[in-house]
Amino acid sequence: MNRQNRLLSLYSTLLDALGPSHWWPGESPFEVAVGAILTQNTNWANVERAIAALRRAGAMTPAAMRELSPEALAGLIRPAGTFRVKAARLGHFLDFLAREAGGAADLADASLRFLAGRELSELRPRLLAVKGVGPETADCILLYALNLPSFVVDAYTARIMSRHLFLPEDASYDELQAFFADVLPADPALFGEFHALIVRLGKTWCGRTRAKCETCPLHSLR
Ligand code: SF4
């Protein structure tokens, strides 16, 4: 079996076993992007509490969030941890949106429609230039908020791809991403579901120090 068929077989085995993931939760593209920044180094339950506070404060548009002082924003996102750092990162992201937007009407709209038609190759480097936005966060925003085919890589992806002999253990983020982009059709729905399934698989079965291969849905593919 070639590597494309092997990878697609891994995907369909996972999807059959685990079912659709319905990622990424969020009431708007802006909220999804905010969640991608808040989820750095914390669990999703904490992010949800921070997002609920932002919603209650009416801060879930770029314009409304920009009205908050850094202290007020940090206070609202406190449940997400490292809240001053994350408030600063959100501030940098809001500055980016303000630079990219066509005017006040764009910033009052949580759909981020002004970014939707951009080319991935143009938008990704601009997002990566935002302070505090690394490759994984940028790709989460591009894929889940803007529906662009930018595969999200994380530690689970690296571990599972190496344990299934697709790539060496020390493959870089860019090498892993290029591998998926090269082998799979550029389909945001496929990319989004595949990443979500990998995370679910990694959390339950494919631990860093312990792989529970006997009960894993991918057992027969090893
Ligand atoms: S737990 Fe084992 S079978 Fe499952 S993904 Fe990890 S290495 Fe593969």
# chains A, B, ... in the order shown; residues from 1 in each chain; ligands from 1
call {"tool": "residues_around", "arguments": {"residues": "Leu8 of chain A", "least_positions_apart": "6", "cutoff": "10 Å", "atoms": "only C-alpha atoms", "output": "PDB file with N, CA, C and O atoms, in the first residue's frame"}}
result
ATOM      1  N   LEU A  14      -9.983   5.414  11.974  1.00  0.00           N
ATOM      2  CA  LEU A  14     -10.249   6.270  13.138  1.00  0.00           C
ATOM      3  C   LEU A  14     -11.670   6.819  13.119  1.00  0.00           C
ATOM      4  O   LEU A  14     -12.364   6.815  14.133  1.00  0.00           O
ATOM      5  N   VAL A 183       0.198  14.540   0.771  1.00  0.00           N
ATOM      6  CA  VAL A 183      -0.458  13.239   0.599  1.00  0.00           C
ATOM      7  C   VAL A 183      -1.987  13.367   0.492  1.00  0.00           C
ATOM      8  O   VAL A 183      -2.633  12.588  -0.217  1.00  0.00           O
ATOM      9  N   LEU A 184      -2.553  14.345   1.185  1.00  0.00           N
ATOM     10  CA  LEU A 184      -4.015  14.453   1.224  1.00  0.00           C
ATOM     11  C   LEU A 184      -4.526  15.531   0.273  1.00  0.00           C
ATOM     12  O   LEU A 184      -3.808  16.497   0.000  1.00  0.00           O
ATOM     13  N   PHE A 194      -9.392  15.180  10.615  1.00  0.00           N
ATOM     14  CA  PHE A 194      -8.214  14.339  10.841  1.00  0.00           C
ATOM     15  C   PHE A 194      -7.451  14.820  12.084  1.00  0.00           C
ATOM     16  O   PHE A 194      -7.083  14.028  12.960  1.00  0.00           O
TER      17      PHE A 194
END
call {"tool": "residues_around", "arguments": {"residues": "segment 119-123 of chain A", "least_positions_apart": "6", "cutoff": "8 Å", "atoms": "only C-alpha atoms", "output": "list of chain:residue names"}}
result
A:Leu142, A:Leu148, A:Pro149, A:Ser150
call {"tool": "residues_around", "arguments": {"residues": "segment 62-68 of chain A", "least_positions_apart": "5", "cutoff": "8 Å", "atoms": "only C-alpha atoms", "output": "PyMOL selection string"}}
result
chain A and resi 30+73+91+94+97+104+107-110
call {"tool": "residues_near_ligand", "arguments": {"ligand": "ligand 1", "cutoff": "9 Å", "atoms": "only C-alpha atoms and all ligand atoms", "output": "list in words"}}
result
Arg159, Ile160, Met161, Ser162, Arg163, His164, Ile198, Leu201, Gly202, Thr204, Trp205, Cys206, Gly207, Arg210, Ala211, Lys212, Cys213, Glu214, Thr215, Cys216, Pro217, Leu218, His219, Ser220, Leu221 and Arg222 of chain A
call {"tool": "atom_distance", "arguments": {"atom1": "atom CA of Met1 of chain A", "atom2": "atom CA of Thr209 of chain A"}}
result
29.3 Å
call {"tool": "residues_around", "arguments": {"residues": "Val153 of chain A", "least_positions_apart": "5", "cutoff": "8 Å", "atoms": "only C-alpha atoms", "output": "count of residues only"}}
result
6
call {"tool": "closest_residue", "arguments": {"among": "A:Pro79, A:His92, A:Lys131, A:Ala145", "to": "Pro29 of chain A", "atoms": "only C-alpha atoms"}}
result
A:Ala145
